[in-house]
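Asker: Supplied structure: structure.pdb, PDB, C-alpha atoms.
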```pdb
ATOM      1  CA  MET E 195      19.978 107.371-111.929
ATOM      2  CA  ARG E 196      18.896 103.833-112.691
ATOM      3  CA  ARG E 197      15.790 104.190-110.586
ATOM      4  CA  PRO E 198      13.337 106.795-111.857
ATOM      5  CA  GLY E 199      12.287 107.649-108.310
ATOM      6  CA  PHE E 200      15.716 108.771-107.135
ATOM      7  CA  SER E 201      15.490 112.398-108.193
ATOM      8  CA  TYR E 202      12.077 112.680-106.583
ATOM      9  CA  VAL E 203      13.321 111.828-103.084
ATOM     10  CA  VAL E 204      16.470 113.969-103.030
ATOM     11  CA  ALA E 205      14.479 116.559-101.062
ATOM     12  CA  ALA E 206      14.395 114.216 -98.062
ATOM     13  CA  ALA E 207      17.806 115.639 -97.183
ATOM     14  CA  LEU E 208      16.274 119.111 -96.849
ATOM     15  CA  CYS E 209      13.443 118.306 -94.490
ATOM     16  CA  LEU E 210      14.651 120.036 -91.346
ATOM     17  CA  THR E 211      16.865 122.935 -92.329
ATOM     18  CA  ALA E 212      14.231 125.619 -92.703
ATOM     19  CA  ALA E 213      11.881 125.788 -89.758
ATOM     20  CA  ASN E 214      11.151 122.126 -90.225
ATOM     21  CA  ASP E 215       9.541 122.720 -93.601
ATOM     22  CA  ALA E 216       9.614 119.647 -95.818
ATOM     23  CA  LYS E 217      10.761 120.871 -99.203
ATOM     24  CA  GLY E 218       8.526 120.006-102.118
ATOM     25  CA  GLN E 219       9.508 118.380-105.377
ATOM     26  CA  ALA E 220       8.287 119.206-108.851
ATOM     27  CA  TRP E 221       8.036 115.527-109.857
ATOM     28  CA  VAL E 222       6.041 112.762-108.211
ATOM     29  CA  LEU E 223       6.767 109.051-107.990
ATOM     30  CA  PRO E 224       5.135 106.644-110.458
ATOM     31  CA  ARG E 225       1.880 105.002-109.400
ATOM     32  CA  ARG E 226       2.182 102.441-106.562
ATOM     33  CA  GLU E 227       5.767 103.437-105.845
ATOM     34  CA  GLY E 228       6.935 104.926-102.587
ATOM     35  CA  SER E 229       9.915 105.487-100.356
ATOM     36  CA  ILE E 230      10.898 105.328 -96.703
ATOM     37  CA  SER E 231      13.475 107.933 -95.673
ATOM     38  CA  PHE E 232      15.643 107.913 -92.551
ATOM     39  CA  THR E 233      17.358 111.239 -91.867
ATOM     40  CA  TYR E 234      19.968 112.354 -89.353
ATOM     41  CA  GLN E 235      20.565 116.070 -88.982
ATOM     42  CA  ARG E 236      22.972 118.094 -86.870
ATOM     43  CA  ILE E 237      22.390 121.848 -86.524
ATOM     44  CA  ASP E 238      25.094 123.981 -84.918
ATOM     45  CA  ASN E 239      23.579 127.253 -83.746
ATOM     46  CA  THR E 240      26.583 129.561 -83.347
ATOM     47  CA  GLY E 241      24.766 132.723 -82.304
ATOM     48  CA  HIS E 242      21.882 135.032 -83.109
ATOM     49  CA  ARG E 243      21.360 137.691 -85.747
ATOM     50  CA  ARG E 244      19.440 140.652 -84.409
ATOM     51  CA  THR E 245      17.024 142.954 -86.196
ATOM     52  CA  ASN E 246      19.779 144.869 -88.026
ATOM     53  CA  GLY E 247      21.588 141.646 -88.974
ATOM     54  CA  PHE E 248      24.237 142.150 -86.258
ATOM     55  CA  LEU E 249      25.701 138.804 -85.118
ATOM     56  CA  VAL E 250      25.682 138.146 -81.386
ATOM     57  CA  PRO E 251      27.934 135.081 -80.870
ATOM     58  CA  ARG E 252      26.224 134.006 -77.635
ATOM     59  CA  GLY E 253      23.493 131.554 -76.810
ATOM     60  CA  ARG E 254      25.134 128.708 -78.739
ATOM     61  CA  SER E 255      23.271 125.422 -78.901
ATOM     62  CA  LEU E 256      23.269 122.086 -80.674
ATOM     63  CA  ASP E 257      20.280 120.338 -82.236
ATOM     64  CA  MET E 258      20.264 116.783 -83.542
ATOM     65  CA  SER E 259      17.254 115.147 -85.160
ATOM     66  CA  LEU E 260      16.236 111.699 -86.326
ATOM     67  CA  TYR E 261      13.568 112.051 -88.989
ATOM     68  CA  LEU E 262      11.282 109.377 -90.405
ATOM     69  CA  GLU E 263       9.374 110.059 -93.620
ATOM     70  CA  ALA E 264       7.158 107.874 -95.801
ATOM     71  CA  GLU E 265       5.894 108.780 -99.274
ATOM     72  CA  TYR E 266       3.507 106.873-101.527
ATOM     73  CA  ALA E 267       2.117 107.671-104.980
ATOM     74  CA  PHE E 268      -1.510 106.616-105.405
ATOM     75  CA  THR E 269      -1.475 107.645-109.080
ATOM     76  CA  ASN E 270       1.117 108.928-111.528
ATOM     77  CA  ARG E 271       0.217 112.445-110.412
ATOM     78  CA  PHE E 272      -0.895 112.228-106.769
ATOM     79  CA  SER E 273       1.272 111.351-103.772
ATOM     80  CA  VAL E 274       1.089 111.707 -99.974
ATOM     81  CA  THR E 275       3.992 112.134 -97.563
ATOM     82  CA  ALA E 276       3.890 111.753 -93.766
ATOM     83  CA  ALA E 277       6.804 112.537 -91.463
ATOM     84  CA  VAL E 278       7.802 113.064 -87.830
ATOM     85  CA  PRO E 279      11.153 114.021 -86.234
ATOM     86  CA  TYR E 280      12.625 113.038 -82.870
ATOM     87  CA  VAL E 281      14.727 115.968 -81.654
ATOM     88  CA  PHE E 282      17.668 116.297 -79.250
ATOM     89  CA  ALA E 283      18.654 119.811 -78.114
ATOM     90  CA  LYS E 284      21.329 121.133 -75.755
ATOM     91  CA  TYR E 285      22.613 124.546 -74.704
ATOM     92  CA  THR E 286      26.392 124.517 -75.234
ATOM     93  CA  ASP E 287      27.572 128.090 -74.582
ATOM     94  CA  ARG E 288      29.837 128.683 -71.570
ATOM     95  CA  ASN E 289      28.052 131.960 -70.891
ATOM     96  CA  PRO E 290      24.357 132.619 -70.297
ATOM     97  CA  PRO E 291      22.310 134.309 -73.025
ATOM     98  CA  PRO E 292      22.645 138.103 -73.238
ATOM     99  CA  PRO E 293      20.099 140.104 -71.194
ATOM    100  CA  PRO E 294      17.163 140.367 -71.135
ATOM    101  CA  ILE E 295      16.840 136.741 -72.284
ATOM    102  CA  PRO E 296      16.221 134.515 -69.219
ATOM    103  CA  PHE E 297      18.621 131.656 -68.498
ATOM    104  CA  LEU E 298      16.140 128.793 -68.223
ATOM    105  CA  PRO E 299      16.818 125.591 -66.228
ATOM    106  CA  GLU E 300      16.598 123.550 -69.474
ATOM    107  CA  ASP E 301      19.537 125.594 -70.805
ATOM    108  CA  ALA E 302      21.480 126.135 -67.577
ATOM    109  CA  CYS E 303      21.919 122.393 -67.000
ATOM    110  CA  ARG E 304      23.631 122.100 -70.406
ATOM    111  CA  CYS E 305      22.031 118.696 -70.721
ATOM    112  CA  TRP E 306      20.145 117.043 -73.571
ATOM    113  CA  GLN E 307      16.437 117.709 -73.943
ATOM    114  CA  SER E 308      14.717 115.235 -76.255
ATOM    115  CA  GLY E 309      11.326 114.226 -77.602
ATOM    116  CA  TRP E 310       9.057 114.002 -80.618
ATOM    117  CA  GLN E 311       8.446 117.309 -82.338
ATOM    118  CA  ASP E 312       5.727 118.041 -84.967
ATOM    119  CA  PHE E 313       3.885 115.562 -87.158
ATOM    120  CA  GLY E 314       3.462 116.638 -90.771
ATOM    121  CA  ILE E 315       1.527 115.384 -93.775
ATOM    122  CA  THR E 316       1.731 116.673 -97.355
ATOM    123  CA  ALA E 317      -0.395 115.942-100.419
ATOM    124  CA  ARG E 318       1.041 116.765-103.865
ATOM    125  CA  TYR E 319      -0.671 116.730-107.247
ATOM    126  CA  ASN E 320       1.305 117.022-110.474
ATOM    127  CA  LEU E 321      -0.519 119.282-112.936
ATOM    128  CA  ILE E 322       2.057 119.149-115.721
ATOM    129  CA  GLY E 323       4.757 116.644-116.537
ATOM    130  CA  GLY E 324       3.980 113.482-114.609
ATOM    131  CA  ALA E 325       6.722 111.263-113.177
ATOM    132  CA  SER E 326       8.949 111.288-116.254
ATOM    133  CA  GLY E 327       8.189 114.609-117.939
ATOM    134  CA  GLY E 328      10.906 117.094-118.781
ATOM    135  CA  PHE E 329       8.886 119.948-117.285
ATOM    136  CA  ALA E 330       6.734 119.642-114.156
ATOM    137  CA  VAL E 331       4.410 121.830-112.100
ATOM    138  CA  THR E 332       3.176 120.415-108.789
ATOM    139  CA  PRO E 333       1.041 122.223-106.176
ATOM    140  CA  SER E 334       0.941 120.893-102.607
ATOM    141  CA  VAL E 335      -0.984 121.229 -99.351
ATOM    142  CA  SER E 336       0.608 120.474 -95.966
ATOM    143  CA  LEU E 337      -0.570 120.244 -92.367
ATOM    144  CA  GLY E 338       1.637 120.294 -89.272
ATOM    145  CA  ALA E 339       0.754 119.756 -85.613
ATOM    146  CA  PRO E 340       2.752 119.290 -82.391
ATOM    147  CA  THR E 341       2.863 115.667 -81.264
ATOM    148  CA  HIS E 342       2.539 116.618 -77.570
ATOM    149  CA  ASP E 343       2.858 119.469 -75.070
ATOM    150  CA  TYR E 344       6.632 119.954 -75.309
ATOM    151  CA  ASN E 345       8.741 122.898 -74.100
ATOM    152  CA  PHE E 346       9.106 125.707 -76.645
ATOM    153  CA  ARG E 347      11.234 128.122 -74.564
ATOM    154  CA  GLY E 348      14.985 128.538 -74.573
ATOM    155  CA  GLU E 349      17.791 127.389 -76.838
ATOM    156  CA  ALA E 350      17.264 123.725 -75.899
ATOM    157  CA  ALA E 351      13.596 123.799 -76.947
ATOM    158  CA  LEU E 352      12.315 120.993 -79.162
ATOM    159  CA  GLY E 353      10.383 123.342 -81.431
ATOM    160  CA  ARG E 354       7.825 126.146 -81.556
ATOM    161  CA  LYS E 355       4.799 123.985 -80.648
ATOM    162  CA  LEU E 356       2.529 125.669 -83.187
ATOM    163  CA  GLY E 357       0.131 124.159 -85.681
ATOM    164  CA  GLU E 358       0.190 125.342 -89.285
ATOM    165  CA  GLU E 359      -1.175 124.812 -92.782
ATOM    166  CA  ARG E 360       0.877 125.403 -95.922
ATOM    167  CA  ILE E 361       0.063 125.766 -99.579
ATOM    168  CA  GLY E 362       2.834 125.645-102.128
ATOM    169  CA  ILE E 363       3.862 125.067-105.709
ATOM    170  CA  ASP E 364       7.010 123.532-107.218
ATOM    171  CA  VAL E 365       8.274 123.885-110.789
ATOM    172  CA  GLY E 366      11.041 121.797-112.323
ATOM    173  CA  ARG E 367      12.882 121.382-115.615
ATOM    174  CA  ARG E 368      15.142 118.536-116.803
ATOM    175  CA  LEU E 369      17.926 119.340-119.267
ATOM    176  CA  ALA E 370      20.763 117.551-121.039
ATOM    177  CA  VAL E 371      24.093 119.288-120.405
ATOM    178  CA  PHE E 372      27.390 117.833-121.716
ATOM    179  CA  SER E 373      25.638 114.476-122.232
ATOM    180  CA  ARG E 374      24.583 114.470-118.580
ATOM    181  CA  SER E 375      21.292 115.105-116.856
ATOM    182  CA  LEU E 376      20.700 118.416-115.117
ATOM    183  CA  SER E 377      17.488 119.139-113.251
ATOM    184  CA  VAL E 378      16.618 122.579-111.934
ATOM    185  CA  GLN E 379      13.638 123.170-109.712
ATOM    186  CA  GLY E 380      12.268 125.761-107.360
ATOM    187  CA  GLY E 381       9.276 126.228-105.142
ATOM    188  CA  TYR E 382       7.310 128.658-103.017
ATOM    189  CA  SER E 383       5.020 128.032-100.051
ATOM    190  CA  TYR E 384       2.926 130.173 -97.744
ATOM    191  CA  ALA E 385       2.297 128.995 -94.169
ATOM    192  CA  LEU E 386      -0.696 129.939 -92.043
ATOM    193  CA  VAL E 387       0.680 129.591 -88.507
ATOM    194  CA  GLU E 388      -1.271 129.314 -85.258
ATOM    195  CA  LYS E 389      -1.375 132.711 -83.536
ATOM    196  CA  VAL E 390       0.051 133.354 -80.066
ATOM    197  CA  SER E 391      -0.902 136.467 -78.050
ATOM    198  CA  ASP E 392      -2.857 137.493 -81.174
ATOM    199  CA  ILE E 393       0.428 137.903 -83.098
ATOM    200  CA  SER E 394       0.726 136.412 -86.554
ATOM    201  CA  THR E 395       3.897 134.664 -87.720
ATOM    202  CA  ASN E 396       2.648 133.555 -91.133
ATOM    203  CA  ARG E 397       5.581 133.132 -93.465
ATOM    204  CA  SER E 398       6.768 132.671 -97.027
ATOM    205  CA  ASN E 399       9.412 130.090 -97.940
ATOM    206  CA  ALA E 400      11.165 129.603-101.256
ATOM    207  CA  HIS E 401      13.903 127.276-102.434
ATOM    208  CA  LEU E 402      15.982 126.737-105.555
ATOM    209  CA  GLU E 403      17.857 123.508-106.323
ATOM    210  CA  ALA E 404      20.062 122.204-109.116
ATOM    211  CA  ASP E 405      21.024 118.498-109.414
ATOM    212  CA  TYR E 406      23.715 117.409-111.877
ATOM    213  CA  LEU E 407      24.386 113.761-112.721
ATOM    214  CA  VAL E 408      28.180 113.497-112.909
ATOM    215  CA  LYS E 409      28.222 109.672-113.066
ATOM    216  CA  PRO E 410      25.488 107.027-113.500
ATOM    217  CA  LYS E 411      25.196 106.657-109.709
ATOM    218  CA  LEU E 412      26.352 110.059-108.458
ATOM    219  CA  GLN E 413      24.624 113.435-108.339
ATOM    220  CA  VAL E 414      25.930 116.816-107.173
ATOM    221  CA  LEU E 415      23.426 119.167-105.520
ATOM    222  CA  ALA E 416      23.321 122.943-105.019
ATOM    223  CA  GLN E 417      20.588 124.592-102.950
ATOM    224  CA  VAL E 418      19.383 128.000-101.752
ATOM    225  CA  PHE E 419      16.634 128.665 -99.175
ATOM    226  CA  TRP E 420      14.816 131.877 -98.282
ATOM    227  CA  GLN E 421      12.284 132.720 -95.575
ATOM    228  CA  ARG E 422      10.266 135.837 -94.850
ATOM    229  CA  THR E 423       7.992 136.080 -91.793
ATOM    230  CA  HIS E 424       4.907 138.249 -92.266
ATOM    231  CA  GLY E 425       4.430 139.685 -88.801
ATOM    232  CA  GLY E 426       6.186 138.528 -85.663
ATOM    233  CA  LEU E 427       8.313 140.544 -83.258
ATOM    234  CA  ARG E 428      11.570 142.374 -83.884
ATOM    235  CA  PHE E 429      13.879 141.700 -80.961
ATOM    236  CA  GLY E 430      15.972 144.793 -81.556
ATOM    237  CA  SER E 431      19.686 145.334 -82.005
ATOM    238  CA  PRO E 432      22.638 145.883 -79.661
ATOM    239  CA  THR E 433      23.446 149.509 -78.865
ATOM    240  CA  PRO E 434      27.016 150.090 -77.603
ATOM    241  CA  PRO E 435      28.282 150.068 -74.977
ATOM    242  CA  GLY E 436      25.581 148.121 -73.149
ATOM    243  CA  PRO E 437      23.414 145.107 -74.134
ATOM    244  CA  ILE E 438      20.358 147.180 -75.064
ATOM    245  CA  PHE E 439      17.797 145.702 -77.454
ATOM    246  CA  PRO E 440      15.168 148.413 -78.142
ATOM    247  CA  GLY E 441      12.785 146.152 -80.008
ATOM    248  CA  GLU E 442       9.204 144.931 -79.708
ATOM    249  CA  VAL E 443       9.770 142.285 -77.013
ATOM    250  CA  ASN E 444       8.852 144.807 -74.347
ATOM    251  CA  THR E 445       6.597 142.979 -71.868
ATOM    252  CA  LEU E 446       7.055 139.920 -69.647
ATOM    253  CA  GLU E 447       4.418 138.054 -71.664
ATOM    254  CA  LEU E 448       6.185 138.756 -74.961
ATOM    255  CA  LEU E 449       9.536 137.831 -73.414
ATOM    256  CA  TYR E 450       8.010 134.527 -72.304
ATOM    257  CA  GLN E 451       6.729 133.847 -75.837
ATOM    258  CA  HIS E 452       9.525 135.429 -77.901
ATOM    259  CA  ASP E 453      11.198 132.139 -78.920
ATOM    260  CA  ARG E 454       8.282 131.364 -81.234
ATOM    261  CA  LEU E 455       7.165 134.874 -82.137
ATOM    262  CA  LEU E 456      10.256 136.490 -83.700
ATOM    263  CA  ARG E 457      10.205 137.880 -87.238
ATOM    264  CA  ASP E 458      12.578 135.171 -88.475
ATOM    265  CA  ASN E 459      13.978 136.084 -91.916
ATOM    266  CA  TYR E 460      16.961 134.322 -93.474
ATOM    267  CA  TRP E 461      19.040 133.109 -96.417
ATOM    268  CA  HIS E 462      20.559 129.610 -96.319
ATOM    269  CA  ALA E 463      22.734 128.050 -99.021
ATOM    270  CA  GLY E 464      24.773 124.908 -99.543
ATOM    271  CA  GLY E 465      25.076 121.688-101.452
ATOM    272  CA  GLY E 466      25.888 118.021-101.294
ATOM    273  CA  LEU E 467      26.152 114.639-102.949
ATOM    274  CA  ALA E 468      23.686 111.852-103.685
ATOM    275  CA  TYR E 469      24.730 108.265-104.445
ATOM    276  CA  SER E 470      22.575 105.355-105.589
ATOM    277  CA  PHE E 471      23.241 101.845-104.241
ATOM    278  CA  PRO E 472      21.401  98.746-105.559
ATOM    279  CA  GLN E 473      18.689  98.824-102.863
ATOM    280  CA  PHE E 474      18.808 102.335-101.416
ATOM    281  CA  ASP E 475      20.074 105.873-101.964
ATOM    282  CA  VAL E 476      22.212 108.085 -99.722
ATOM    283  CA  VAL E 477      22.039 111.891 -99.733
ATOM    284  CA  GLY E 478      24.345 114.176 -97.768
ATOM    285  CA  THR E 479      24.086 117.976 -97.637
ATOM    286  CA  TYR E 480      25.749 120.839 -95.815
ATOM    287  CA  ILE E 481      23.790 124.084 -95.455
ATOM    288  CA  ALA E 482      25.287 127.356 -94.166
ATOM    289  CA  PHE E 483      23.089 129.994 -92.536
ATOM    290  CA  VAL E 484      24.304 132.832 -94.731
ATOM    291  CA  GLY E 485      22.416 135.777 -93.272
ATOM    292  CA  GLY E 486      19.172 137.107 -91.914
ATOM    293  CA  THR E 487      17.471 139.073 -89.180
ATOM    294  CA  ASP E 488      15.993 137.905 -85.863
ATOM    295  CA  THR E 489      17.272 134.434 -86.657
ATOM    296  CA  HIS E 490      20.015 131.952 -85.820
ATOM    297  CA  ALA E 491      23.522 131.837 -87.242
ATOM    298  CA  GLY E 492      25.047 128.433 -87.853
ATOM    299  CA  SER E 493      25.025 125.463 -90.178
ATOM    300  CA  ALA E 494      23.250 122.149 -90.767
ATOM    301  CA  LEU E 495      24.639 118.764 -91.780
ATOM    302  CA  THR E 496      22.081 116.261 -93.059
ATOM    303  CA  ILE E 497      22.451 112.597 -94.038
ATOM    304  CA  THR E 498      19.491 110.697 -95.485
ATOM    305  CA  ILE E 499      19.008 107.066 -96.487
ATOM    306  CA  VAL E 500      16.129 106.556 -98.926
ATOM    307  CA  VAL E 501      14.675 103.082 -99.430
ATOM    308  CA  PRO E 502      12.275 102.864-102.427
ATOM    309  CA  PHE E 503       9.508 100.272-102.669
ATOM    310  CA  ARG E 504       6.594  99.293-104.869
ATOM    311  CA  LEU E 505       3.232  97.794-103.940
ATOM    312  CA  GLY E 506       1.369  95.480-106.285
ATOM    313  CA  GLY E 507       4.098  94.527-108.744
ATOM    314  CA  PRO E 508       7.819  94.639-109.462
ATOM    315  CA  ARG E 509       9.621  97.862-108.626
ATOM    316  CA  HIS E 510      11.103  99.906-111.476
TER     317      HIS E 510
END
```
Have the structure of the file written as structure tokens, please.

Answerer:
Amino acid sequence: MRRPGFSYVVAAALCLTAANDAKGQAWVLPRREGSISFTYQRIDNTGHRRTNGFLVPRGRSLDMSLYLEAEYAFTNRFSVTAAVPYVFAKYTDRNPPPPPIPFLPEDACRCWQSGWQDFGITARYNLIGGASGGFAVTPSVSLGAPTHDYNFRGEAALGRKLGEERIGIDVGRRLAVFSRSLSVQGGYSYALVEKVSDISTNRSNAHLEADYLVKPKLQVLAQVFWQRTHGGLRFGSPTPPGPIFPGEVNTLELLYQHDRLLRDNYWHAGGGLAYSFPQFDVVGTYIAFVGGTDTHAGSALTITIVVPFRLGGPRH
């Protein structure tokens, strides 16, 4: 791309697909450069995967989010990103959730629930490569906290309402393939999540991304996401002929808290396009929820507009 910062902000399109984890980037922006990102995301939850991976096509819901993110590079190696989403959620299934899941008023009305979700801030420091290096290694530290006392129960919940700290590392490599630019990068993070009922839901997240420049203004993206929860509750699996779920959600207290305590493991995969206009960039991605256990089935469509800026001099 004409602007060096473009490949560094492609990850803005991935901000909400995986438990609201902002995906890191191996490269940082040049000193005094930054970006403002505006993201729209639509998540269609088409059912639930139980502990054995069995798909239960009930409890469908729709989530839409408007996400604002700002990033600024204080040096050629150090940058800070702050972000907050405004979430809309609605239960859309004609039928109530399968027993023993309660049919809450927020879901039964089949009306939109909306509000701010969790504020997040991330600091990244590039150890190797800098803004223009062919190979980059960048650790990061992130903090997340609920913006207010929102509802966390049901399919129309705004989020989990849990604070967390994450440490991560991203590695990237730029290559020349058929006279075009190809960048491949991946990352891993570990989240320390606020406990509920003395149950830990700490988790590992990893992602792999490839970006290929097919034209001077156009990139093609391919992405894979993985999550593993270390702890949490197994909801159980259906046992024919009745809706029996012999799992670990076996008390009223755990049933009340189960929406944010499940052992949510998944694979997501997809891709998209990124196009550079004179004053801003547009990124669109489609992510399919390929598989998992104690997690949602569905897909996510994300559209992001990235506006770069520079303080204290002309922008690159």

Asker: So the first atom is CA of Tyr234 (chain E) and the second is CA of His342 (chain E); what is the distance between them in Å, to one decimal place?

Answerer: 21.5 Å

Asker: Restricting the calculation to all atoms listed in the file, which member of E:Ile363, E:Leu356, E:Ala370, E:Leu376 is positioned closest to Glu388 (chain E)?

Answerer: E:Leu356

Asker: Can you measure CA of Gly464 (chain E) to CA of Leu415 (chain E) for me? One decimal in Å is fine.

Answerer: 8.4 Å

Asker: Which residue out of E:Val484, E:Val476, E:Val390, E:Val331 has the minimum interatomic distance to Val418 (chain E) when only C-alpha atoms are used?

Answerer: E:Val484

Asker: With the PyMOL selection byres ((chain E and resi 393-407) around 6) as the selection, what would be picked from this file? Answer as a PyMOL selection string, please.

Answerer: chain E and resi 374-387+389-392+408-409+412-426

Asker: Residues within 8 Å of Pro502 (chain E), please, as a PyMOL selection string. Count all atoms listed in the file; anything in the same chain fewer than 6 positions from it doesn't count.

Answerer: chain E and resi 199+227-230+473-474

Asker: Taking the file as shown, what set of residues would the PyMOL selection byres ((chain E and resi 253) around 10) give back, as a PyMOL selection string?

Answerer: chain E and resi 239-242+250-252+254-255+285-292+295+297+301+348-349+490

Asker: Would you please work out which residue, of E:Gly485, E:Pro333, E:Pro299, E:Gly465, is nearest to Val222 (chain E) when using all atoms listed in the file?

Answerer: E:Pro333

Asker: Choose the residue, out of E:Val335, E:Val278, E:Ile481, E:Leu455, that has the smallest atom-to-atom separation from Phe313 (chain E); count all atoms listed in the file.

Answerer: E:Val278
